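What follows is a short report on a single structure.
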Amino acid sequence: MSSPKTALVTGGAGFIGSHLVDRLLSLGYRVAVVDDLSTGRLRNLNPAAVLYLADISQTSIHGVLQQERPSLVFHLAAQISVSYSTRDPIRDAECNVLGALRLLEAARACGVSKVIYSSTGGVLYGEPEVIPCPETHPIAPLSPYATSKYLFEQYLMMYRRLHGLNYTILRYGNVYGPRQDPHGEAGVVAIFTQAMLEDKETHIFGDGDQEKDFVYVGDVVDANIRAIDRGDGDVFNIGTGSGTTVNRVFDLLKGLTGYPHSAQYGPPRAGDVYRISLECSKARRQLGWTPQTKVEEGLRHTVEYFRNHCDATLQN
Ligand SMILES: NC(=O)c1ccc[n+]([C@@H]2O[C@H](COP(=O)([O-])OP(=O)(O)OC[C@H]3O[C@@H](n4cnc5c(N)ncnc54)[C@H](O)[C@@H]3O)[C@@H](O)[C@H]2O)c1
């Protein structure tokens, strides 16, 4: 019997990464994870995965790839906060550009056959001129985070031209679901859910009518799996194609949790996009991917998870 293929998942202890690790293991992959646990949590990580506790911006990443010789790299490790990136654009780029580039160099040197990159569709296009917004829309980042995520897309494209290293880029909408960090600055669903279950104040930045494309984490994992042998050298929006306002998400969660209070409204945050949804017909045609989870159903799963893991999410 041949030995299982190895997949390396950077950011595998994080929200999306940990679900991806579970799926890869269930498909029979040997899974290695590189994570510095800056926002990821050990409790998220499947114990069947091998964890390298390391920062991708350090040279040690090369040794990990030499040791593991993965055929696939799923790159998810990132500084993910838009507002943090506006406060510290240098640290953002150190992780999202330089760290990612170190990984890419190691991948090239160690014969990786494909890199599947978790990029963003939610903030890359700026305020889109067309909704739902296709992949061909002009790129107009409004934050250092959006810029750094896009720069790495460009590195991937160049490495394919220069070195023949294959890739697929997946540009997500607003991903939500179980295991999302309710203590971070991103992830409105997790933040609202946790606050509502603890009967704490909830805050909406801006008027709440801003519209985002909320896509369930299970659907995002599915897109990654489909990209293993499809979508070579290409870029795909991964969303639902329709927007949901933050006020609507608030109301749905209020109903699901029985939260009795109204939200507190504050000023909008710098770098936020007001209205976006992603046109995803390319992913349907070329990856055979369509989102399966309606927002009401996804929110229900999320609330159920937070109810059952309340103690764990309270620990930081
Ligand atoms: N959640 C979303 O809505 C969304 C939307 C678009 C794109 N993305 C992208 O998806 C990826 C995963 O995001 P997430 O929501 O799961 O976030 P997350 O914070 O839960 O996961 C990121 C993981 O990377 C790790 N990490 C961060 N910096 C690192 C470093 N320098 N070295 C090693 N590990 C490091 C963290 O500890 C964490 O486990 C990111 O690349 C993000 O840009 C997420």
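In the structure tokens, chains take the letters A, B, ... in the order shown, each chain's residues start at 1, and ligands count up from 1 in the order shown.
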Per-residue DSSP, region 145-272 of chain A, filtered to alpha helix (DSSP H), as number ranges by chain: A: 145-163, 188-197, 217-226, 246-257
Close residues to ligand 1 using only C-alpha atoms and all ligand atoms, limit 6 Å, as a ChimeraX atom specification: /A:11-17,34-40,54-57,76-80,95,118-120,172-175
Grab the residues selected above and save them as an mmCIF file, in the first residue's frame with N, CA and C atoms.
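Output below, filename result-v2.cif:
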```cif
data_model
loop_
_atom_site.group_PDB
_atom_site.id
_atom_site.type_symbol
_atom_site.label_atom_id
_atom_site.label_comp_id
_atom_site.auth_asym_id
_atom_site.auth_seq_id
_atom_site.Cartn_x
_atom_site.Cartn_y
_atom_site.Cartn_z
ATOM 1 N N GLY A 11 -1.612 27.875 9.545
ATOM 2 C CA GLY A 11 -2.800 28.406 10.219
ATOM 3 C C GLY A 11 -3.822 27.318 10.516
ATOM 4 N N GLY A 12 -3.336 26.077 10.669
ATOM 5 C CA GLY A 12 -4.234 24.922 10.856
ATOM 6 C C GLY A 12 -4.894 24.853 12.222
ATOM 7 N N ALA A 13 -4.447 25.683 13.180
ATOM 8 C CA ALA A 13 -5.126 25.721 14.484
ATOM 9 C C ALA A 13 -6.145 26.852 14.533
ATOM 10 N N GLY A 14 -6.294 27.551 13.425
ATOM 11 C CA GLY A 14 -7.243 28.666 13.378
ATOM 12 C C GLY A 14 -8.643 28.209 13.035
ATOM 13 N N PHE A 15 -9.490 29.183 12.824
ATOM 14 C CA PHE A 15 -10.907 28.925 12.564
ATOM 15 C C PHE A 15 -11.096 28.076 11.284
ATOM 16 N N ILE A 16 -10.761 28.629 10.141
ATOM 17 C CA ILE A 16 -10.987 27.899 8.883
ATOM 18 C C ILE A 16 -10.010 26.728 8.773
ATOM 19 N N GLY A 17 -8.740 26.989 9.143
ATOM 20 C CA GLY A 17 -7.702 25.973 8.997
ATOM 21 C C GLY A 17 -8.018 24.689 9.761
ATOM 22 N N VAL A 34 1.513 24.213 10.445
ATOM 23 C CA VAL A 34 2.415 25.239 10.997
ATOM 24 C C VAL A 34 1.539 26.347 11.542
ATOM 25 N N ASP A 35 1.687 26.619 12.824
ATOM 26 C CA ASP A 35 0.856 27.656 13.441
ATOM 27 C C ASP A 35 1.627 28.216 14.632
ATOM 28 N N ASP A 36 1.580 29.521 14.818
ATOM 29 C CA ASP A 36 2.260 30.108 15.985
ATOM 30 C C ASP A 36 1.284 30.339 17.135
ATOM 31 N N LEU A 37 0.048 29.893 16.947
ATOM 32 C CA LEU A 37 -1.008 30.016 17.964
ATOM 33 C C LEU A 37 -1.241 31.465 18.386
ATOM 34 N N SER A 38 -0.975 32.416 17.501
ATOM 35 C CA SER A 38 -1.220 33.824 17.850
ATOM 36 C C SER A 38 -2.718 34.091 17.945
ATOM 37 N N THR A 39 -3.495 33.550 17.036
ATOM 38 C CA THR A 39 -4.965 33.620 17.171
ATOM 39 C C THR A 39 -5.576 32.221 17.161
ATOM 40 N N GLY A 40 -4.802 31.231 16.717
ATOM 41 C CA GLY A 40 -5.308 29.854 16.700
ATOM 42 C C GLY A 40 -5.293 29.260 18.094
ATOM 43 N N ALA A 54 5.360 27.308 15.004
ATOM 44 C CA ALA A 54 6.349 28.185 14.364
ATOM 45 C C ALA A 54 5.659 29.351 13.695
ATOM 46 N N ASP A 55 6.426 30.428 13.567
ATOM 47 C CA ASP A 55 5.956 31.644 12.899
ATOM 48 C C ASP A 55 6.424 31.571 11.445
ATOM 49 N N ILE A 56 5.504 31.756 10.497
ATOM 50 C CA ILE A 56 5.915 31.630 9.088
ATOM 51 C C ILE A 56 6.902 32.719 8.673
ATOM 52 N N SER A 57 7.013 33.766 9.459
ATOM 53 C CA SER A 57 7.994 34.780 9.061
ATOM 54 C C SER A 57 9.404 34.446 9.527
ATOM 55 N N LEU A 76 -3.048 29.424 4.991
ATOM 56 C CA LEU A 76 -4.084 30.195 5.690
ATOM 57 C C LEU A 76 -3.515 31.102 6.776
ATOM 58 N N ALA A 77 -2.307 30.825 7.243
ATOM 59 C CA ALA A 77 -1.750 31.641 8.339
ATOM 60 C C ALA A 77 -1.661 33.088 7.886
ATOM 61 N N ALA A 78 -2.189 33.983 8.677
ATOM 62 C CA ALA A 78 -2.169 35.398 8.296
ATOM 63 C C ALA A 78 -2.509 36.271 9.493
ATOM 64 N N GLN A 79 -2.100 37.508 9.400
ATOM 65 C CA GLN A 79 -2.619 38.569 10.245
ATOM 66 C C GLN A 79 -3.963 38.899 9.604
ATOM 67 N N ILE A 80 -5.079 38.708 10.317
ATOM 68 C CA ILE A 80 -6.381 38.757 9.635
ATOM 69 C C ILE A 80 -7.216 39.997 9.951
ATOM 70 N N CYS A 95 3.963 39.485 8.181
ATOM 71 C CA CYS A 95 3.332 38.155 8.180
ATOM 72 C C CYS A 95 2.745 37.820 6.802
ATOM 73 N N SER A 118 -5.683 31.002 0.719
ATOM 74 C CA SER A 118 -6.889 31.639 1.248
ATOM 75 C C SER A 118 -6.734 33.145 1.149
ATOM 76 N N SER A 119 -7.339 33.731 0.127
ATOM 77 C CA SER A 119 -7.284 35.174 -0.030
ATOM 78 C C SER A 119 -8.642 35.771 0.346
ATOM 79 N N THR A 120 -8.800 37.041 0.076
ATOM 80 C CA THR A 120 -10.057 37.692 0.457
ATOM 81 C C THR A 120 -10.773 38.273 -0.753
ATOM 82 N N TYR A 172 -12.355 34.594 -0.382
ATOM 83 C CA TYR A 172 -13.560 34.363 0.423
ATOM 84 C C TYR A 172 -14.329 35.652 0.695
ATOM 85 N N GLY A 173 -15.636 35.465 0.890
ATOM 86 C CA GLY A 173 -16.459 36.515 1.478
ATOM 87 C C GLY A 173 -16.234 36.527 2.991
ATOM 88 N N ASN A 174 -17.254 36.876 3.773
ATOM 89 C CA ASN A 174 -17.135 36.868 5.242
ATOM 90 C C ASN A 174 -17.422 35.460 5.754
ATOM 91 N N VAL A 175 -16.384 34.759 6.137
ATOM 92 C CA VAL A 175 -16.559 33.368 6.568
ATOM 93 C C VAL A 175 -17.017 33.364 8.025
#
```
Which of region 85-312 of chain A DSSP labels strand (DSSP E or B), written as a ChimeraX atom specification: /A:114-120,133,166-172,174-176,203-205,211-212,214-216,234-238,244-245,264-266,275,278
Write out as CSV a residue-level contact list of region 189-260 of chain A versus region 296-299 of chain A with cut-off 10 Å: for each qualifying residue the closest pair of atoms and the distance in Å to one decimal, counting only C-alpha atoms, rows sorted by chain and residue number upward.
```
residue,atom,partner,partner_atom,distance
A:Val189,CA,A:Leu299,CA,7.8
A:Ala190,CA,A:Leu299,CA,9.6
A:Thr193,CA,A:Leu299,CA,9.1
A:Phe214,CA,A:Gly298,CA,9.4
A:Val215,CA,A:Gly298,CA,8.4
A:Tyr216,CA,A:Gly298,CA,5.9
A:Val217,CA,A:Gly298,CA,8.6
A:Gly218,CA,A:Gly298,CA,9.0
A:Val249,CA,A:Leu299,CA,8.5
A:Leu252,CA,A:Glu296,CA,7.3
A:Leu253,CA,A:Leu299,CA,7.1
A:Leu256,CA,A:Leu299,CA,8.2
```
Nearest candidate to Gly111 (chain A) (options A:Ser148, A:Asn166, A:Thr136, A:Ser60; using only C-alpha atoms):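 The shortest atom-to-atom distance to Gly111 (chain A) comes from A:Asn166.
If you count only C-alpha atoms and ignore residues fewer than 3 places along the chain from Ala7 (chain A), what sits within 8 Å of it is A:Leu24, A:Tyr29, A:Arg30, A:Val31, A:Ala32, A:Pro70, A:Ser71, A:Leu72, A:Val73, A:Phe74.
The spacing separating CA of Ala146 (chain A) from CA of Asn96 (chain A) amounts to 9.9 Å.
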Atomic distance CA of Ile276 (chain A) - CA of Lys200 (chain A), expressed in Å with one decimal: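 One can read the CA of Ile276 (chain A) to CA of Lys200 (chain A) distance as 28.7 Å.
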Distance query Val112 (chain A) at most 12 Å, only C-alpha atoms, self and fewer than 2 positions along chain excluded, as a PyMOL selection string: chain A and resi 5-8+65-66+68-74+103-110+114-116+160+163-167
Serialized selection, N, CA and C atoms, as a CSV table (one decimal), in the first residue's frame:
```
chain,number,residue,atom,x,y,z
A,5,LYS,N,-0.5,10.8,1.1
A,5,LYS,CA,0.1,12.1,0.7
A,5,LYS,C,0.1,13.0,1.9
A,6,THR,N,1.1,13.9,1.9
A,6,THR,CA,1.1,14.8,3.0
A,6,THR,C,0.6,16.2,2.6
A,7,ALA,N,-0.3,16.8,3.3
A,7,ALA,CA,-0.7,18.2,3.1
A,7,ALA,C,-0.2,19.0,4.3
A,8,LEU,N,0.3,20.2,3.9
A,8,LEU,CA,0.7,21.1,5.0
A,8,LEU,C,-0.3,22.2,5.0
A,65,LEU,N,9.3,22.2,5.9
A,65,LEU,CA,9.0,21.6,4.5
A,65,LEU,C,10.0,20.5,4.1
A,66,GLN,N,11.2,20.7,4.5
A,66,GLN,CA,12.3,19.7,4.2
A,66,GLN,C,11.9,18.4,4.9
A,68,GLU,N,8.9,17.4,6.1
A,68,GLU,CA,7.6,16.9,5.8
A,68,GLU,C,7.4,16.5,4.3
A,69,ARG,N,8.1,17.2,3.4
A,69,ARG,CA,7.9,17.1,2.0
A,69,ARG,C,6.5,16.9,1.5
A,70,PRO,N,5.7,18.0,1.8
A,70,PRO,CA,4.3,17.9,1.4
A,70,PRO,C,4.1,18.0,-0.1
A,71,SER,N,3.0,17.4,-0.6
A,71,SER,CA,2.7,17.6,-2.0
A,71,SER,C,1.9,18.9,-2.2
A,72,LEU,N,1.1,19.1,-1.1
A,72,LEU,CA,0.1,20.3,-1.2
A,72,LEU,C,0.4,21.2,0.0
A,73,VAL,N,0.3,22.5,-0.3
A,73,VAL,CA,0.3,23.5,0.8
A,73,VAL,C,-0.9,24.3,0.8
A,74,PHE,N,-1.7,24.3,1.9
A,74,PHE,CA,-2.8,25.2,2.0
A,74,PHE,C,-2.3,26.3,2.9
A,103,LEU,N,7.4,31.1,3.0
A,103,LEU,CA,6.8,29.8,2.8
A,103,LEU,C,6.9,29.4,1.3
A,104,LEU,N,6.6,30.3,0.4
A,104,LEU,CA,6.6,30.0,-1.0
A,104,LEU,C,8.0,29.6,-1.5
A,105,GLU,N,9.0,30.3,-1.0
A,105,GLU,CA,10.4,29.9,-1.3
A,105,GLU,C,10.7,28.5,-0.9
A,106,ALA,N,10.3,28.1,0.4
A,106,ALA,CA,10.5,26.8,0.9
A,106,ALA,C,9.7,25.8,0.1
A,107,ALA,N,8.5,26.2,-0.4
A,107,ALA,CA,7.6,25.3,-1.2
A,107,ALA,C,8.3,25.0,-2.5
A,108,ARG,N,8.9,26.0,-3.1
A,108,ARG,CA,9.5,25.8,-4.4
A,108,ARG,C,10.8,24.9,-4.2
A,109,ALA,N,11.5,25.2,-3.2
A,109,ALA,CA,12.8,24.4,-3.0
A,109,ALA,C,12.5,23.0,-2.6
A,110,CYS,N,11.3,22.7,-2.0
A,110,CYS,CA,11.0,21.3,-1.5
A,110,CYS,C,10.1,20.6,-2.4
A,114,LYS,N,1.5,22.0,-5.4
A,114,LYS,CA,0.5,23.0,-5.5
A,114,LYS,C,0.3,23.8,-4.2
A,115,VAL,N,0.1,25.1,-4.3
A,115,VAL,CA,-0.3,25.9,-3.2
A,115,VAL,C,-1.7,26.4,-3.3
A,116,ILE,N,-2.5,26.2,-2.3
A,116,ILE,CA,-3.9,26.7,-2.4
A,116,ILE,C,-4.0,27.8,-1.3
A,160,ARG,N,4.6,30.9,-10.5
A,160,ARG,CA,4.1,29.9,-11.5
A,160,ARG,C,4.8,30.2,-12.8
A,163,HIS,N,8.8,29.7,-11.9
A,163,HIS,CA,9.3,28.4,-11.4
A,163,HIS,C,8.3,27.2,-11.7
A,164,GLY,N,7.2,27.5,-12.3
A,164,GLY,CA,6.2,26.5,-12.6
A,164,GLY,C,5.5,25.9,-11.4
A,165,LEU,N,5.5,26.7,-10.3
A,165,LEU,CA,4.8,26.2,-9.1
A,165,LEU,C,3.3,26.5,-9.2
A,166,ASN,N,2.6,25.4,-9.1
A,166,ASN,CA,1.1,25.6,-9.4
A,166,ASN,C,0.4,26.2,-8.2
A,167,TYR,N,-0.7,26.8,-8.4
A,167,TYR,CA,-1.5,27.4,-7.3
A,167,TYR,C,-3.0,27.5,-7.7
```
For CA of Arg269 (chain A) and CA of Val82 (chain A), the interatomic separation in Å (one decimal):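 These atoms are spaced 9.2 Å apart.
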Do a neighbour search on Leu142 (chain A) at 9 Å with only C-alpha atoms, toss out local chain neighbours closer than 3 positions, and write the hits as a PDB file with C-alpha atoms, in the first residue's frame.
```pdb
ATOM      1  CA  VAL A 123     -12.043  43.631   0.950  1.00  0.00           C
ATOM      2  CA  LEU A 124      -9.941  43.315  -2.221  1.00  0.00           C
ATOM      3  CA  TYR A 125     -12.257  45.091  -4.644  1.00  0.00           C
ATOM      4  CA  GLY A 126     -12.823  48.189  -2.494  1.00  0.00           C
ATOM      5  CA  GLU A 127     -16.395  49.485  -2.810  1.00  0.00           C
ATOM      6  CA  TYR A 145      -4.582  43.915   5.010  1.00  0.00           C
ATOM      7  CA  ALA A 146      -6.341  43.882   1.623  1.00  0.00           C
ATOM      8  CA  THR A 147      -3.131  45.057  -0.037  1.00  0.00           C
ATOM      9  CA  ALA A 270     -11.554  52.678   8.867  1.00  0.00           C
ATOM     10  CA  GLY A 271     -10.917  50.314   5.960  1.00  0.00           C
ATOM     11  CA  ASP A 272     -14.343  48.634   6.042  1.00  0.00           C
ATOM     12  CA  VAL A 273     -16.177  47.997   2.760  1.00  0.00           C
TER      13      VAL A 273
END
```
Close residues, Gly206 (chain A) itself excluded, 7 Å, only C-alpha atoms, min 5 positions apart in chain, as a PyMOL selection string: chain A and resi 265-268
